[in-house]
Structures are given as structure tokens and as C-alpha cells.
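This is run-v8.tsv (TSV, C-alpha atoms and all ligand atoms).
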chain	number	residue	atom	x	y	z
C	3	MET	CA	-76.70	77.39	-48.39
C	4	ASN	CA	-75.47	78.39	-51.83
C	5	LYS	CA	-71.83	77.80	-52.75
C	6	ASP	CA	-71.88	80.92	-54.95
C	7	LEU	CA	-70.91	83.97	-52.92
C	8	GLN	CA	-72.41	86.39	-55.43
C	9	PRO	CA	-76.20	86.48	-55.46
C	10	LEU	CA	-77.44	84.93	-58.70
C	11	GLN	CA	-79.36	87.05	-61.19
C	12	ALA	CA	-82.26	85.05	-62.58
C	13	ASP	CA	-82.50	84.44	-66.30
C	14	ARG	CA	-85.56	86.27	-67.58
C	15	PRO	CA	-87.09	87.35	-70.87
C	16	ASP	CA	-85.52	90.40	-72.53
C	17	ILE	CA	-87.43	93.62	-72.19
C	18	ILE	CA	-87.43	96.80	-74.23
C	19	THR	CA	-86.85	99.77	-71.98
C	20	THR	CA	-86.21	102.45	-74.56
C	21	LYS	CA	-89.20	103.74	-76.43
C	22	VAL	CA	-89.22	101.78	-79.64
C	23	GLU	CA	-91.48	102.95	-82.39
C	24	ALA	CA	-94.53	100.69	-82.32
C	25	ILE	CA	-97.86	100.67	-84.15
C	26	GLY	CA	-100.70	100.77	-81.61
C	27	PHE	CA	-103.22	97.96	-82.11
C	28	TYR	CA	-106.90	98.41	-81.18
C	29	ARG	CA	-109.51	95.69	-81.58
C	30	LYS	CA	-111.37	97.37	-84.45
C	31	MET	CA	-108.25	97.68	-86.57
C	32	ASP	CA	-107.48	95.55	-89.59
C	33	THR	CA	-105.68	92.55	-88.02
C	34	GLU	CA	-104.33	91.25	-91.32
C	35	ALA	CA	-102.73	94.60	-92.19
C	36	THR	CA	-101.21	94.76	-88.69
C	37	VAL	CA	-99.76	91.29	-89.08
C	38	ASN	CA	-98.27	92.24	-92.44
C	39	GLU	CA	-96.45	95.10	-90.71
C	40	MET	CA	-95.14	92.70	-88.06
C	41	ILE	CA	-93.87	90.28	-90.68
C	42	ALA	CA	-92.18	93.23	-92.40
C	43	GLY	CA	-90.27	93.99	-89.18
C	44	LYS	CA	-92.39	96.61	-87.34
C	45	TYR	CA	-93.27	96.45	-83.65
C	46	VAL	CA	-96.96	96.37	-82.71
C	47	LEU	CA	-98.22	97.36	-79.27
C	48	VAL	CA	-101.45	95.82	-77.94
C	49	GLU	CA	-103.32	98.82	-76.53
C	50	GLU	CA	-106.76	97.73	-75.40
C	51	PHE	CA	-107.52	94.18	-74.21
C	52	TYR	CA	-105.11	91.33	-73.48
C	53	SER	CA	-107.20	89.11	-75.77
C	54	ASN	CA	-106.41	91.41	-78.71
C	55	GLY	CA	-102.88	90.04	-78.56
C	56	LEU	CA	-104.26	86.50	-78.97
C	57	GLN	CA	-106.27	87.74	-81.95
C	58	VAL	CA	-103.10	89.11	-83.61
C	59	LEU	CA	-101.15	85.90	-82.95
C	60	ALA	CA	-103.95	83.77	-84.42
C	61	GLU	CA	-103.89	85.91	-87.55
C	62	LEU	CA	-100.08	85.70	-87.71
C	63	LYS	CA	-100.31	81.91	-87.59
C	64	ARG	CA	-102.94	81.82	-90.34
C	65	LYS	CA	-100.93	84.15	-92.53
C	66	LEU	CA	-97.62	82.31	-92.15
C	67	LEU	CA	-99.23	78.91	-92.79
C	68	LEU	CA	-100.44	80.19	-96.18
C	69	THR	CA	-96.82	80.39	-97.31
C	70	HIS	CA	-95.23	77.68	-95.12
C	71	THR	CA	-96.92	74.65	-96.64
C	72	ASP	CA	-93.91	72.29	-96.52
C	73	LYS	CA	-94.79	69.59	-93.97
C	74	SER	CA	-91.26	68.17	-93.74
C	75	PHE	CA	-89.21	68.57	-90.55
C	76	GLN	CA	-87.23	71.43	-92.10
C	77	GLY	CA	-90.38	73.06	-93.45
C	78	GLN	CA	-92.07	72.98	-90.05
C	79	ARG	CA	-88.97	74.35	-88.39
C	80	ALA	CA	-88.86	77.24	-90.88
C	81	TYR	CA	-92.51	77.99	-90.01
C	82	ARG	CA	-91.80	77.91	-86.25
C	83	ASP	CA	-88.77	80.18	-86.67
C	84	ALA	CA	-90.77	82.69	-88.73
C	85	PHE	CA	-93.59	82.64	-86.15
C	86	ARG	CA	-91.16	83.06	-83.29
C	87	GLU	CA	-89.41	85.99	-84.88
C	88	ALA	CA	-92.51	87.91	-85.92
C	89	SER	CA	-94.53	87.15	-82.77
C	90	HIS	CA	-91.81	88.66	-80.59
C	91	ARG	CA	-92.54	91.99	-82.28
C	92	LEU	CA	-95.95	92.00	-80.63
C	93	LEU	CA	-95.53	93.98	-77.43
C	94	LEU	CA	-97.34	94.70	-74.18
C	95	LYS	CA	-96.65	97.65	-71.94
C	96	VAL	CA	-95.80	97.19	-68.26
C	97	GLU	CA	-96.23	100.01	-65.72
C	98	ASP	CA	-95.62	99.58	-61.99
C	99	ASN	CA	-94.60	96.01	-62.92
C	100	LYS	CA	-98.11	95.24	-64.15
C	101	LEU	CA	-99.59	94.79	-67.60
C	102	ILE	CA	-101.67	97.83	-68.41
C	103	VAL	CA	-104.06	96.34	-71.00
C	104	LYS	CA	-107.58	95.44	-69.83
C	105	LYS	CA	-108.41	91.89	-68.65
C	106	ALA	CA	-104.73	91.00	-68.38
C	107	PRO	CA	-103.55	88.25	-66.02
C	108	THR	CA	-101.66	89.22	-62.87
C	109	ILE	CA	-98.12	87.90	-63.21
C	110	GLY	CA	-95.87	88.16	-60.17
C	111	TRP	CA	-92.74	87.46	-62.24
C	112	LEU	CA	-93.05	90.97	-63.69
C	113	THR	CA	-92.16	92.23	-60.22
C	114	LEU	CA	-89.85	89.48	-58.98
C	115	LEU	CA	-87.68	89.19	-62.09
C	116	TYR	CA	-87.40	92.95	-62.79
C	117	PRO	CA	-86.63	94.54	-59.41
C	118	GLU	CA	-84.68	97.43	-60.96
C	119	VAL	CA	-87.25	98.59	-63.52
C	120	SER	CA	-91.00	99.11	-63.38
C	121	GLU	CA	-91.93	100.45	-66.81
C	122	PHE	CA	-91.05	98.60	-70.01
C	123	TYR	CA	-92.29	96.76	-73.08
C	124	ILE	CA	-92.20	93.00	-73.24
C	125	SER	CA	-93.18	90.58	-76.00
C	126	PHE	CA	-96.59	88.91	-75.92
C	127	PRO	CA	-95.18	85.34	-76.21
C	128	ASP	CA	-92.81	86.00	-73.30
C	129	VAL	CA	-95.78	87.20	-71.25
C	130	GLN	CA	-97.68	84.01	-72.14
C	131	GLY	CA	-94.71	81.92	-70.92
C	132	MET	CA	-94.47	83.90	-67.69
C	133	ASN	CA	-98.20	83.66	-67.13
C	134	SER	CA	-98.21	79.90	-67.37
C	135	SER	CA	-95.13	79.63	-65.12
C	136	TRP	CA	-96.71	81.98	-62.57
C	137	GLN	CA	-99.85	79.78	-62.37
C	138	TRP	CA	-97.71	76.71	-61.56
C	139	TYR	CA	-95.60	78.67	-59.07
C	140	GLU	CA	-98.62	80.08	-57.25
C	141	LYS	CA	-100.77	76.97	-57.28
C	142	GLY	CA	-97.90	74.51	-56.73
C	143	ILE	CA	-97.55	70.94	-57.86
C	144	GLU	CA	-98.63	68.19	-55.53
C	145	VAL	CA	-95.98	65.48	-55.21
C	146	LYS	CA	-97.54	62.50	-53.47
C	147	THR	CA	-94.24	60.66	-52.88
C	148	LEU	CA	-93.10	63.72	-50.88
C	149	ASN	CA	-96.41	64.65	-49.34
C	150	LEU	CA	-95.77	68.28	-50.18
C	151	MET	CA	-96.35	70.95	-52.80
C	152	LEU	CA	-93.50	72.15	-55.03
C	153	HIS	CA	-93.43	75.73	-56.31
C	154	PRO	CA	-91.18	75.70	-59.38
C	155	TYR	CA	-89.33	78.92	-60.19
C	156	TYR	CA	-89.59	80.62	-63.58
C	157	GLY	CA	-87.58	78.84	-66.27
C	158	THR	CA	-87.07	75.64	-64.26
C	159	TYR	CA	-87.89	72.07	-65.20
C	160	PHE	CA	-90.50	70.44	-62.98
C	161	PRO	CA	-92.19	67.04	-63.07
C	162	THR	CA	-95.63	66.73	-64.64
C	163	ARG	CA	-95.64	62.93	-64.57
C	164	PHE	CA	-94.59	61.03	-61.51
C	165	ASP	CA	-93.67	57.47	-62.51
C	166	HIS	CA	-89.94	58.07	-62.17
C	167	LEU	CA	-90.41	59.61	-58.72
C	168	LYS	CA	-92.35	56.54	-57.59
C	169	LEU	CA	-89.63	54.27	-58.91
C	170	PHE	CA	-86.95	56.25	-57.06
C	171	ASP	CA	-89.07	56.30	-53.89
C	172	LYS	CA	-89.55	52.53	-54.01
C	173	TRP	CA	-85.78	52.02	-54.34
C	174	LEU	CA	-84.91	54.59	-51.64
C	175	LYS	CA	-87.24	52.95	-49.12
C	176	LYS	CA	-85.24	49.70	-49.48
C	177	TYR	CA	-81.80	51.33	-49.55
C	178	GLU	CA	-79.70	50.17	-46.60
C	179	GLY	CA	-76.33	51.86	-47.23
C	180	SER	CA	-74.84	54.90	-45.53
C	181	LYS	CA	-76.90	58.11	-45.61
C	182	GLU	CA	-74.16	60.54	-44.70
C	183	ASN	CA	-73.50	62.30	-48.02
C	184	ALA	CA	-75.40	62.47	-51.29
C	185	ILE	CA	-74.82	64.48	-54.44
C	186	GLU	CA	-77.60	65.40	-56.83
C	187	ILE	CA	-76.66	66.63	-60.28
C	188	GLY	CA	-79.37	68.67	-62.04
C	189	VAL	CA	-81.56	69.52	-59.04
C	190	GLY	CA	-84.29	71.23	-61.15
C	191	SER	CA	-87.22	71.96	-58.83
C	192	GLY	CA	-85.57	70.08	-55.94
C	193	VAL	CA	-87.82	67.07	-56.02
C	194	LEU	CA	-85.20	64.27	-55.81
C	195	SER	CA	-83.09	66.06	-53.20
C	196	PHE	CA	-86.22	66.50	-51.08
C	197	GLN	CA	-86.89	62.77	-51.44
C	198	LEU	CA	-83.34	62.09	-50.22
C	199	ILE	CA	-83.83	64.37	-47.21
C	200	GLN	CA	-87.19	62.84	-46.33
C	201	ASN	CA	-85.54	59.42	-46.46
C	202	GLY	CA	-82.87	60.34	-43.94
C	203	PHE	CA	-79.91	61.62	-45.93
C	204	GLN	CA	-77.87	64.03	-43.83
C	205	ASN	CA	-75.91	66.23	-46.27
C	206	ILE	CA	-76.78	66.90	-49.87
C	207	PHE	CA	-74.69	68.73	-52.41
C	208	ALA	CA	-76.99	69.67	-55.29
C	209	SER	CA	-76.01	71.44	-58.48
C	210	ASP	CA	-77.63	72.72	-61.63
C	211	SER	CA	-76.32	74.54	-64.67
C	212	ASN	CA	-79.57	76.53	-64.77
C	213	LYS	CA	-79.36	79.57	-62.47
C	214	ASN	CA	-83.09	79.77	-61.99
C	215	ALA	CA	-83.19	76.20	-60.66
C	216	ILE	CA	-80.67	77.15	-57.95
C	217	ILE	CA	-82.55	80.35	-57.08
C	218	GLY	CA	-85.83	78.44	-56.88
C	219	VAL	CA	-84.51	75.54	-54.79
C	220	THR	CA	-82.81	78.02	-52.43
C	221	GLU	CA	-86.26	79.54	-51.83
C	222	GLU	CA	-87.89	76.13	-51.45
C	223	THR	CA	-85.33	74.83	-48.94
C	224	LYS	CA	-86.01	77.89	-46.76
C	225	ARG	CA	-89.75	77.37	-46.99
C	226	LEU	CA	-89.43	73.69	-46.12
C	227	GLY	CA	-86.80	74.14	-43.40
C	228	TYR	CA	-84.20	72.01	-45.22
C	229	GLU	CA	-81.48	74.69	-45.35
C	230	GLU	CA	-79.12	72.84	-43.01
C	231	LYS	CA	-79.27	69.70	-45.10
C	232	ILE	CA	-78.49	71.01	-48.55
C	233	THR	CA	-75.66	72.92	-50.26
C	234	LEU	CA	-76.60	74.36	-53.63
C	235	ASN	CA	-74.21	75.19	-56.44
C	236	HIS	CA	-74.78	76.85	-59.77
C	237	GLY	CA	-72.41	75.22	-62.23
C	238	ASP	CA	-71.61	72.37	-64.53
C	239	LEU	CA	-71.92	68.83	-63.11
C	240	PHE	CA	-69.56	68.43	-60.09
C	241	ASP	CA	-68.01	71.95	-60.22
C	242	ASN	CA	-67.09	73.15	-56.69
C	243	CYS	CA	-67.96	69.79	-55.19
C	244	ASP	CA	-65.38	68.37	-52.81
C	245	VAL	CA	-67.56	65.61	-51.37
C	246	LYS	CA	-67.18	61.86	-51.75
C	247	ALA	CA	-70.75	60.62	-51.73
C	248	ASP	CA	-72.56	57.48	-50.67
C	249	LEU	CA	-75.09	58.23	-53.38
C	250	ILE	CA	-74.86	60.26	-56.58
C	251	VAL	CA	-78.25	60.89	-58.15
C	252	PHE	CA	-78.92	62.25	-61.63
C	253	ASN	CA	-82.16	62.50	-63.57
C	254	PRO	CA	-80.51	63.76	-66.76
C	255	PRO	CA	-82.07	65.05	-69.95
C	256	TRP	CA	-83.45	62.08	-71.86
C	257	LEU	CA	-83.02	63.09	-75.50
C	258	ARG	CA	-79.88	63.62	-77.55
C	259	ALA	CA	-79.84	67.16	-78.97
C	260	LYS	CA	-79.86	67.61	-82.72
C	261	HIS	CA	-79.70	71.38	-82.33
C	262	THR	CA	-77.44	73.83	-80.48
C	263	LEU	CA	-78.69	73.99	-76.91
C	264	GLU	CA	-79.77	77.22	-75.29
C	265	GLU	CA	-79.10	77.89	-71.62
C	266	GLY	CA	-81.99	77.15	-69.28
C	267	ILE	CA	-84.80	74.70	-69.73
C	268	ASP	CA	-83.53	73.35	-73.08
C	269	LYS	CA	-80.77	71.57	-71.14
C	270	ALA	CA	-83.35	69.81	-68.97
C	271	MET	CA	-84.73	68.00	-71.99
C	272	TYR	CA	-81.79	67.56	-74.36
C	273	TYR	CA	-78.17	66.57	-73.87
C	274	GLU	CA	-75.01	67.16	-75.85
C	275	GLU	CA	-72.89	64.20	-76.84
C	276	ASP	CA	-70.25	64.72	-74.16
C	277	LEU	CA	-72.61	65.12	-71.17
C	278	PHE	CA	-72.70	61.45	-70.11
C	279	PRO	CA	-68.97	60.67	-70.60
C	280	ARG	CA	-68.15	63.80	-68.57
C	281	PHE	CA	-70.69	62.86	-65.89
C	282	PHE	CA	-69.38	59.29	-65.49
C	283	GLU	CA	-65.76	60.41	-65.41
C	284	GLN	CA	-66.45	62.91	-62.63
C	285	ALA	CA	-68.89	60.64	-60.78
C	286	LYS	CA	-66.14	58.06	-60.40
C	287	GLU	CA	-63.99	60.69	-58.63
C	288	HIS	CA	-66.79	61.70	-56.27
C	289	LEU	CA	-68.03	58.29	-55.20
C	290	ALA	CA	-67.18	56.81	-51.79
C	291	PRO	CA	-65.77	53.23	-52.00
C	292	GLU	CA	-69.13	51.54	-51.35
C	293	GLY	CA	-71.11	54.33	-53.01
C	294	LYS	CA	-73.78	54.01	-55.69
C	295	VAL	CA	-74.63	56.08	-58.74
C	296	VAL	CA	-78.39	56.22	-59.34
C	297	LEU	CA	-79.63	57.41	-62.71
C	298	ILE	CA	-83.21	57.95	-63.66
C	299	PHE	CA	-83.72	57.52	-67.36
C	300	SER	CA	-86.29	56.54	-69.96
C	301	ASN	CA	-86.47	54.59	-73.19
C	302	LEU	CA	-88.17	57.60	-74.81
C	303	ALA	CA	-85.32	58.14	-77.30
C	304	GLN	CA	-85.51	54.48	-78.40
C	305	VAL	CA	-89.31	54.64	-78.67
C	306	VAL	CA	-88.96	57.53	-81.10
C	307	ASP	CA	-85.97	56.05	-82.93
C	308	ALA	CA	-84.93	52.44	-82.22
C	309	GLU	CA	-81.39	53.17	-83.44
C	310	SER	CA	-80.72	55.99	-81.01
C	311	PRO	CA	-77.95	55.33	-78.48
C	312	HIS	CA	-78.56	54.65	-74.80
C	313	PRO	CA	-75.81	56.57	-72.94
C	314	ILE	CA	-75.90	54.40	-69.79
C	315	ILE	CA	-75.68	51.12	-71.70
C	316	GLU	CA	-72.86	52.63	-73.77
C	317	GLU	CA	-70.96	53.61	-70.63
C	318	LEU	CA	-71.27	50.10	-69.16
C	319	ARG	CA	-70.25	48.52	-72.44
C	320	ASN	CA	-67.35	50.79	-73.36
C	321	ASN	CA	-65.72	51.75	-70.07
C	322	LYS	CA	-64.50	49.89	-67.04
C	323	ARG	CA	-65.59	52.48	-64.50
C	324	PHE	CA	-68.92	51.07	-63.29
C	325	LYS	CA	-70.85	47.85	-63.04
C	326	LYS	CA	-74.63	47.51	-63.16
C	327	GLU	CA	-76.12	46.52	-59.82
C	328	LEU	CA	-79.78	47.03	-60.59
C	329	HIS	CA	-82.01	48.09	-63.46
C	330	LEU	CA	-85.68	48.69	-62.61
C	331	THR	CA	-88.32	49.82	-65.10
C	332	ARG	CA	-91.85	51.02	-64.78
C	333	ASP	CA	-94.48	51.62	-67.46
C	334	VAL	CA	-95.36	55.24	-67.94
C	335	ARG	CA	-99.00	55.58	-67.09
C	336	ALA	CA	-100.96	56.99	-70.01
C	337	SER	CA	-102.44	60.33	-69.13
C	338	SER	CA	-106.22	60.46	-69.63
C	339	ARG	CA	-105.83	62.42	-72.84
C	340	ARG	CA	-103.87	59.54	-74.34
C	341	THR	CA	-105.80	56.52	-73.15
C	342	LYS	CA	-107.96	56.25	-76.25
C	343	ARG	CA	-105.12	56.82	-78.67
C	344	ARG	CA	-102.53	54.29	-79.67
C	345	ASP	CA	-99.36	56.28	-79.73
C	346	SER	CA	-95.67	55.66	-79.17
C	347	ARG	CA	-95.94	56.48	-75.48
C	348	GLU	CA	-97.65	53.11	-74.98
C	349	THR	CA	-94.26	51.45	-74.85
C	350	GLU	CA	-92.56	54.19	-72.88
C	351	LYS	CA	-90.90	53.11	-69.67
C	352	VAL	CA	-88.97	54.97	-67.02
C	353	GLU	CA	-85.76	53.32	-65.86
C	354	LEU	CA	-83.79	53.39	-62.64
C	355	TRP	CA	-80.17	52.34	-62.90
C	356	VAL	CA	-77.98	51.61	-59.88
C	357	LEU	CA	-74.25	51.42	-60.63
C	358	GLY	CA	-71.32	50.61	-58.37
C	359	ALA	CA	-67.62	51.26	-58.94
C	360	LYS	CA	-65.70	48.45	-60.65
C	401	LIG	C1	-84.69	66.26	-66.39
C	401	LIG	S1	-84.20	67.61	-65.37
C	401	LIG	C2	-84.37	66.86	-63.78
C	401	LIG	C3	-84.69	67.86	-62.67
C	401	LIG	C4	-85.02	67.21	-61.31
C	401	LIG	N1	-83.87	66.54	-60.75
C	401	LIG	C5	-86.18	66.24	-61.46
C	401	LIG	O1	-85.94	65.03	-61.32
C	401	LIG	O2	-87.32	66.69	-61.69
C	401	LIG	C6	-82.46	67.69	-65.66
C	401	LIG	C7	-81.75	68.83	-64.90
C	401	LIG	O3	-80.34	68.73	-65.15
C	401	LIG	C8	-79.82	70.04	-65.35
C	401	LIG	N2	-78.56	69.91	-66.11
C	401	LIG	C9	-78.40	69.61	-67.42
C	401	LIG	N3	-77.10	69.59	-67.74
C	401	LIG	C10	-76.41	69.88	-66.60
C	401	LIG	C11	-75.02	70.01	-66.29
C	401	LIG	N4	-74.07	69.85	-67.22
C	401	LIG	N5	-74.68	70.32	-65.02
C	401	LIG	C12	-75.62	70.50	-64.06
C	401	LIG	N6	-76.95	70.38	-64.30
C	401	LIG	C13	-77.33	70.09	-65.55
C	401	LIG	C14	-80.94	70.77	-66.07
C	401	LIG	O4	-80.80	72.16	-65.97
C	401	LIG	C15	-82.17	70.22	-65.34
C	401	LIG	O5	-82.52	70.99	-64.23

Rewritten as C-alpha cells:
Amino acid sequence: MNKDLQPLQADRPDIITTKVEAIGFYRKMDTEATVNEMIAGKYVLVEEFYSNGLQVLAELKRKLLLTHTDKSFQGQRAYRDAFREASHRLLLKVEDNKLIVKKAPTIGWLTLLYPEVSEFYISFPDVQGMNSSWQWYEKGIEVKTLNLMLHPYYGTYFPTRFDHLKLFDKWLKKYEGSKENAIEIGVGSGVLSFQLIQNGFQNIFASDSNKNAIIGVTEETKRLGYEEKITLNHGDLFDNCDVKADLIVFNPPWLRAKHTLEEGIDKAMYYEEDLFPRFFEQAKEHLAPEGKVVLIFSNLAQVVDAESPHPIIEELRNNKRFKKELHLTRDVRASSRRTKRRDSRETEKVELWVLGAK
């Protein structure tokens, strides 16, 4: 069940419905000249093969790197911004909700996210993003702790490493408190709420500030037959939540933002300064007397910069709302690609914090 009475409209890439003037690109054309036009502000339409779009983007990258030689953080950001801006002028045409160029991937999002329109232009990078998301959605992600496949919706955060899920699973299996009511903040692809359900929790209130996460988890709960167990809400933190919970679970973003956050997946990775103080203040109001707050976190920010603050430690130190009951850590298993390299991830650990009210 969704607390919102209005059906949610998914966030999706912008499309161009009106006929913009665009230069048609064919594979035998001069790619460099085409890229120069794009940099100068013209739209280019890939006309023949999907791979011709990749060819144009490769040339755009080469061209921009000739002038963006500054390797500093600012310099690299200026390069990325220039690439982003120009690359979005490379277009593909969609008819009957399908890409019309030859050898193009089939992307179901072009139908599902655009029910009211069937013919439009869309940027090549947006198509690449949708294509990758569609592969994950179709194929699914196997979550061993749940013994099921997740099918993450477009624009939603989903786990690609599983150490934190194992840590949470290990703790949940030993949990002996009441399992009447739980709240999950930031439900994402649903994975932690599904763990709660599989471990016997009766009623879950789950929220996310990302609309697509709520749309996706609504679909997933139907598929898995968990509809009776979970109430979903699109909103900030505990908005619309009138439950006092035995357990409040939050796997928040792990890195402090140094940029202005965009809606959507950006907020799965980065947090603004006030997120944790606001969370703890509201969590206190929504916790049953014997209830626990469980946070999944990581020392990733400290690995990158030893001086960076740890918002949970700061809360415990500065406020009298909660006391630490347990702090478990687990090494992040190096993925095969990293095993031969000594990089900062070697010291990365996921953390599970259990807090009780003071
Ligand atoms: C790291 S992801 C975790 C997703 C999922 N629970 C998991 O463990 O895979 C953090 C989630 O919190 C959501 N989020 C961030 N800020 C939020 C806020 N103020 N209110 C509600 N959800 C928020 C993000 O949209 C994202 O889905």
C-alpha cells in the first residue's frame, strides 16, 4: 500500500518532442566536424547504427581532452561538465517507443516511462543510462541473504556489494525484541525491508525521497506477495509516519556532499549536512520505549579523508538522545578486479550501529 493517494509519476530523462533542428549523422561523415558543431551548440541526430553514437562520443571525448588538460579537481570537473553538456546534444529518434537506428538495444523503459508519447528524440547518454538500468531490471540481482532476485526500478539505488546486507542479516537473526512495527527510511530497492519481512516483522512503514524507489518497491511487493506487510511513502524521512516502531532502520548515504544535490540517485550516495541531525531528532519521536535504531554505515568517508566527520559518532557525542548498544564492523570484500591492486578500499569496512533511547 502506498500512503500517497495520487499515483506517482516516475522521474525520467527529458525528451524532445518538438522537431528540433538537428544535423543528421551517418557513419561515413566527418566525425570531427560533427563534434565541432555539437560543441558549438548544434543538435546531431544519429541516423544509421547505434554504434555511430559511440563513435561520436569517443571523438567528443578526444576533442575536449585536447583543451581540458588541467588535471586538478576543478579542471576535471570542468571537463566533465563540458562533456555532459555537449554529449546531450547527440540525439536518437524513438518511434513506437523503440529506437529506430540499426543494431540498437531494446529498452523497455522507453515504453514504461513514456506512456503518453511514442515518438520523440532523446539524448544518447540518457539512452545509455536507461539501457544499463534495463539490463539490471530484466536480469535481476541475486541477493543471497534473501534468497530472491531484486528488480531495481529505473533511477533507484540498488546494492552491488553485499557485505552490509550480511552484517544486517547476522544481527537480525539474533534479534529477540518485538517484531510488531518497523520503519525503514530510504527503502531504495526494498532489500532491507524484505529482510525484515523474511525475519518475521509484521508491519513495515518504508519511505524514500526518491519517487522511483517507491514506484519500484510497490511493484516488487506485489510480485513477492508482501503487500499486506508494507506501507510505502514518498517523502522526506518520517513524513506521514504515525507509527512508534520497535525498530527503525536506515542505510543512509555514506558521503557528505560537497555539491548541490540533485533529486534521485544522487541522494542515495551523498548527504547534506542537516540529514543526520534531522533523522535522529525524528527517530527519537518514532521509537517505541524499548525500540532500537539500526544504522548501516561505512568508514568510506574516513578512508578517503581521515578528517571527515562521522555523523553517528557526532550524534552520540553531542546529543543526549541515544546511547550506543552495539557497533559491528565487517571488512568489505575486495571485488576480483581489485584484488591485485593496493587501493584505499583495502581498509574499507561496513558498520552496523544499534542505538537505544537514553
Ligand atoms: C544508500 S541508499 C539505501 C537503499 C536501500 N535501503 C539499501 O540498503 O540498499 C539510501 C536511500 O535513502 C534515500 N534517502 C536519502 N535521503 C532521504 C530522505 N531525506 N528521506 C527519505 N529517503 C532518503 C535515498 O533516496 C536512497 O534510496

Using atom CA of His236 of chain C and atom CA of Ser209 of chain C as the two end points, give the distance in Å to one decimal.
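Going from atom CA of His236 of chain C over to atom CA of Ser209 of chain C, I get 5.7 Å.
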
Show me, as a compact mmCIF listing (two decimals) with C-alpha atoms, keeping the file's coordinate frame, the residues that have an atom within 8 Å of Asn301 of chain C when counting only C-alpha atoms, minus same-chain residues fewer than 6 positions from it.
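Wrote out.txt, looks like this:
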# COMPACT_ATOMS: atom_id res chain seq x y z
CA GLU C 350 -92.56 54.19 -72.88
CA LYS C 351 -90.90 53.11 -69.67
CA VAL C 352 -88.97 54.97 -67.02
CA GLU C 353 -85.76 53.32 -65.86

Excluding Ile267 of chain C and any residue of its chain fewer than 5 positions from it, enumerate the residues within 9 Å of it, using all atoms listed in the file, and give them as JSON, numbers by chain.
{"C": [157, 158, 159, 212]}

In Å, rounded to a single decimal, give me how far atom CA of Gln137 of chain C is from atom CA of Glu222 of chain C.
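Calculated distance between atom CA of Glu222 of chain C and atom CA of Gln137 of chain C is 16.6 Å.
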
Of the candidates C:Thr233, C:Thr113, C:Ser195, C:Gln57, which one gets nearest to ligand LIG 401 (chain C) if we count only C-alpha atoms and all ligand atoms?
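Ranking C:Thr233, C:Thr113, C:Ser195, C:Gln57 by distance to ligand LIG 401 (chain C), first place goes to C:Ser195.
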
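If all atoms listed in the file are the atoms counted, then among C:Lys246, C:Lys224, C:His166, C:His329 the closest residue to ligand LIG 401 (chain C) is C:His166.
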
Between C:Ala35, C:Val219, C:Ala184, C:Leu198, which has the minimum distance to Phe170 of chain C (counting all atoms listed in the file)?
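Going through C:Ala35, C:Val219, C:Ala184, C:Leu198 one by one, the smallest distance to Phe170 of chain C is for C:Leu198.
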
With only C-alpha atoms and all ligand atoms as the basis for distance, which of C:Glu61, C:Glu221, C:Asp333, C:Asp210 is at the shortest distance from ligand LIG 401 (chain C)?
C:Asp210
